[in-house]
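Novice: First the structure, then my questions, so here it is.
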Amino acid sequence: FNPSTQRAAVTLTSSQQDVILDLLYKDLGLTRIRPVTEGEVETVNDNASPQQTDLSAFNFAWKRNDAHVDIVKRSIARGVNTYFLSPVTIESWMGTSSSTDVQEYVEWAMAIIRRWRALGVELPLYSVANEPGYNRNPMSGEFIRDVIKVLGPALRAEGFQTKFVITDDLNPNEAYQRSVVILADPQARPYVAALATHLYGGRDLTRLASLSRQYQLPLWMTEYSRAENGSD
């Protein structure tokens, strides 16, 4: 890690990156990519009104957003056909009010999704948060449901067809607990495109698969890794 650039100490040239992308999406034939953006896009709330966005308070540079757009563009050119954004960290100030938490999140998400379109990639899918069942992004099913009910219509009003992947969660149990709340709401349900889970701390897909069949939604496993000693 290079603290002065805030990037890896070893950096690849564009041609070296192309070699890796070719191996992933041409040689292996992978067709999906899920960028996970970090926080600090809006380190301080831009203003007191979620209805008025001050873009001067946003920083989309590098891994906060724009580098992900670039890599998705280059991946699409190599055959990727499914891609969605999953914020791995929300802003530290979020969730500090009692009346505008949902609206402030929607303002933040709209600014990011608009940025993607401005850079030439319209997001077909979006996850409200990566692993809301983990303490980094703690969100209830009710909060995600309410975000979808506001963000979905706001996206349609601006011509976006973006739908939601729920809940891209820590494991099937956490995903089920939140997804069942979201899908039970007739206003939120039409905006959902897929169910998604990771496999950390549980792998029993029974209830989540049943929910997938009930609402005729695809079920995706979107993240898993193992340590060298075999533990996850």
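Naming scheme: A, B, ... for chains in displayed order of the structure tokens; residues 1 onward per chain; ligands 1 onward as shown.
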Set the distance at 6 Å and use only C-alpha atoms: which residues neighbour A:Gly141 once local chain neighbours fewer than 2 positions away are removed? I'd like the list as a list in words.
Specialist: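 Listing them by chain and then by number gives Phe143, Ile144, Arg145, Arg178 and Val181 of chain A.
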Novice: Keeping only C-alpha atoms, write the selected residues to a file as a PDB file, in the first residue's frame.
Specialist:
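again13.pdb written:
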```
ATOM      1  CA  PHE A 143     -34.842  -0.012   6.130  1.00  0.00           C
ATOM      2  CA  ILE A 144     -33.835  -1.635   2.834  1.00  0.00           C
ATOM      3  CA  ARG A 145     -37.510  -2.068   1.950  1.00  0.00           C
ATOM      4  CA  ARG A 178     -34.306  -9.268   5.189  1.00  0.00           C
ATOM      5  CA  VAL A 181     -39.615  -8.467   4.666  1.00  0.00           C
TER       6      VAL A 181
END
```
Novice: Fewer than 2 positions away in the same chain doesn't count, so skip those; otherwise give me all residues within 8 Å of stretch 54-60 of chain A, counting only C-alpha atoms, as a ChimeraX atom specification.
Specialist: /A:40-47,52,62-66,111
Novice: Taking all heavy atoms for each residue, export the selection above as a tab-separated table (two decimals), in the first residue's frame.
Specialist:
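So the final result, stored in part11.tsv, reads:
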```
chain	number	residue	atom	x	y	z
A	40	GLU	N	-16.66	7.23	1.81
A	40	GLU	CA	-15.94	8.49	1.59
A	40	GLU	C	-16.24	9.11	0.23
A	40	GLU	O	-15.46	9.88	-0.29
A	40	GLU	CB	-14.43	8.30	1.78
A	40	GLU	CG	-14.06	7.85	3.18
A	40	GLU	CD	-12.56	7.74	3.39
A	40	GLU	OE1	-11.81	7.92	2.42
A	40	GLU	OE2	-12.15	7.47	4.52
A	41	VAL	N	-17.37	8.74	-0.35
A	41	VAL	CA	-17.86	9.45	-1.53
A	41	VAL	C	-18.42	10.80	-1.08
A	41	VAL	O	-18.22	11.82	-1.73
A	41	VAL	CB	-18.96	8.63	-2.24
A	41	VAL	CG1	-19.58	9.43	-3.39
A	41	VAL	CG2	-18.39	7.32	-2.76
A	42	GLU	N	-19.09	10.78	0.06
A	42	GLU	CA	-19.66	11.99	0.65
A	42	GLU	C	-19.32	11.96	2.14
A	42	GLU	O	-20.13	11.57	2.97
A	42	GLU	CB	-21.18	12.01	0.43
A	42	GLU	CG	-21.88	13.27	0.87
A	42	GLU	CD	-23.40	13.16	0.77
A	42	GLU	OE1	-23.91	12.07	0.45
A	42	GLU	OE2	-24.08	14.17	1.06
A	43	THR	N	-18.12	12.37	2.48
A	43	THR	CA	-17.63	12.21	3.85
A	43	THR	C	-18.42	13.02	4.86
A	43	THR	O	-18.56	12.63	6.01
A	43	THR	CB	-16.14	12.59	3.95
A	43	THR	OG1	-15.96	13.91	3.41
A	43	THR	CG2	-15.28	11.62	3.16
A	44	VAL	N	-18.91	14.17	4.42
A	44	VAL	CA	-19.77	15.01	5.26
A	44	VAL	C	-21.05	15.24	4.50
A	44	VAL	O	-21.03	15.53	3.29
A	44	VAL	CB	-19.09	16.37	5.58
A	44	VAL	CG1	-20.02	17.24	6.40
A	44	VAL	CG2	-17.77	16.14	6.31
A	45	ASN	N	-22.17	15.10	5.17
A	45	ASN	CA	-23.46	15.29	4.49
A	45	ASN	C	-23.49	16.63	3.76
A	45	ASN	O	-23.16	17.67	4.33
A	45	ASN	CB	-24.59	15.23	5.52
A	45	ASN	CG	-25.95	15.09	4.86
A	45	ASN	OD1	-26.06	14.96	3.65
A	45	ASN	ND2	-26.99	15.13	5.67
A	46	ASP	N	-23.86	16.59	2.49
A	46	ASP	CA	-23.72	17.78	1.64
A	46	ASP	C	-24.53	18.98	2.14
A	46	ASP	O	-24.09	20.11	2.05
A	46	ASP	CB	-24.11	17.47	0.19
A	46	ASP	CG	-25.56	17.05	0.03
A	46	ASP	OD1	-26.14	16.48	0.98
A	46	ASP	OD2	-26.12	17.26	-1.05
A	47	ASN	N	-25.71	18.71	2.67
A	47	ASN	CA	-26.55	19.78	3.23
A	47	ASN	C	-27.68	19.16	4.02
A	47	ASN	O	-27.76	17.93	4.14
A	47	ASN	CB	-27.09	20.71	2.11
A	47	ASN	CG	-27.83	19.93	1.04
A	47	ASN	OD1	-28.64	19.05	1.32
A	47	ASN	ND2	-27.54	20.25	-0.23
A	52	GLN	N	-32.03	18.29	-2.32
A	52	GLN	CA	-31.10	19.14	-3.07
A	52	GLN	C	-29.68	18.59	-2.90
A	52	GLN	O	-29.14	18.60	-1.80
A	52	GLN	CB	-31.18	20.59	-2.57
A	52	GLN	CG	-32.54	21.24	-2.80
A	52	GLN	CD	-32.59	22.67	-2.28
A	52	GLN	OE1	-31.79	23.05	-1.42
A	52	GLN	NE2	-33.52	23.45	-2.80
A	62	TRP	N	-11.28	7.45	-8.21
A	62	TRP	CA	-10.65	6.16	-8.04
A	62	TRP	C	-11.61	5.12	-7.47
A	62	TRP	O	-12.72	4.97	-7.96
A	62	TRP	CB	-9.37	6.30	-7.21
A	62	TRP	CG	-8.56	5.04	-7.10
A	62	TRP	CD1	-8.08	4.48	-5.96
A	62	TRP	CD2	-8.12	4.19	-8.17
A	62	TRP	NE1	-7.37	3.34	-6.23
A	62	TRP	CE2	-7.38	3.12	-7.59
A	62	TRP	CE3	-8.29	4.21	-9.55
A	62	TRP	CZ2	-6.81	2.10	-8.33
A	62	TRP	CZ3	-7.72	3.19	-10.30
A	62	TRP	CH2	-7.00	2.15	-9.69
A	63	LYS	N	-11.21	4.39	-6.38
A	63	LYS	CA	-12.01	3.25	-5.94
A	63	LYS	C	-13.31	3.67	-5.25
A	63	LYS	O	-14.14	2.81	-4.94
A	63	LYS	CB	-11.20	2.36	-5.00
A	63	LYS	CG	-10.72	3.05	-3.73
A	63	LYS	CD	-9.83	2.10	-2.93
A	63	LYS	CE	-9.29	2.76	-1.68
A	63	LYS	NZ	-8.44	1.85	-0.88
A	64	ARG	N	-13.48	4.97	-5.03
A	64	ARG	CA	-14.76	5.41	-4.48
A	64	ARG	C	-15.88	5.18	-5.49
A	64	ARG	O	-17.02	4.97	-5.11
A	64	ARG	CB	-14.69	6.88	-4.09
A	64	ARG	CG	-13.77	7.18	-2.92
A	64	ARG	CD	-13.70	8.66	-2.63
A	64	ARG	NE	-12.81	8.95	-1.51
A	64	ARG	CZ	-11.50	9.13	-1.62
A	64	ARG	NH1	-10.92	9.03	-2.83
A	64	ARG	NH2	-10.75	9.38	-0.57
A	65	ASN	N	-15.54	5.27	-6.79
A	65	ASN	CA	-16.55	5.04	-7.81
A	65	ASN	C	-15.98	4.90	-9.23
A	65	ASN	O	-16.18	3.90	-9.89
A	65	ASN	CB	-17.58	6.18	-7.82
A	65	ASN	CG	-18.77	5.89	-8.71
A	65	ASN	OD1	-19.63	5.10	-8.33
A	65	ASN	ND2	-18.80	6.49	-9.89
A	66	ASP	N	-15.26	5.92	-9.70
A	66	ASP	CA	-14.96	6.02	-11.12
A	66	ASP	C	-14.09	4.91	-11.68
A	66	ASP	O	-14.25	4.50	-12.84
A	66	ASP	CB	-14.33	7.39	-11.43
A	66	ASP	CG	-15.32	8.53	-11.28
A	66	ASP	OD1	-16.50	8.26	-10.95
A	66	ASP	OD2	-14.92	9.69	-11.47
A	111	ALA	N	-27.02	10.05	-6.55
A	111	ALA	CA	-25.84	10.76	-7.04
A	111	ALA	C	-24.84	9.78	-7.65
A	111	ALA	O	-24.24	10.06	-8.70
A	111	ALA	CB	-25.20	11.55	-5.90
```
Novice: With only C-alpha atoms as the counted atoms, please give the residues lying no more than 8 Å from A:Ile166, apart from itself and same-chain residues fewer than 3 positions off, as a ChimeraX atom specification.
Specialist: /A:127-128,169,175,179,192,194-196
Novice: Among stretch 35-186 of chain A, which residues does DSSP mark as alpha helix (DSSP H) when it is run on the backbone? Keep the chain and numbering as in the structure and answer as number ranges by chain.
Specialist: A: 66-76, 101-118, 141-157, 172-183
Novice: May I ask which of the residues A:Leu199, A:Ala209, A:Lys149, A:Gly120 is the closest one to A:Pro186, counting only C-alpha atoms?
Specialist: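 Answer, going by the shortest atom-to-atom distance: A:Lys149.
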Novice: Extract, using only C-alpha atoms, all DNA, RNA and protein residues at most 7 Å from A:Val106, discarding same-chain residues fewer than 4 positions from it, and format them as a list in words.
Specialist: Val102, Met110, Val147 and Leu151 of chain A
Novice: Taking the DSSP secondary structure from the backbone, can you list the residues of stretch 41-189 of chain A that are strand (DSSP E), as number ranges by chain?
Specialist: A: 82-85, 125-126, 163-169
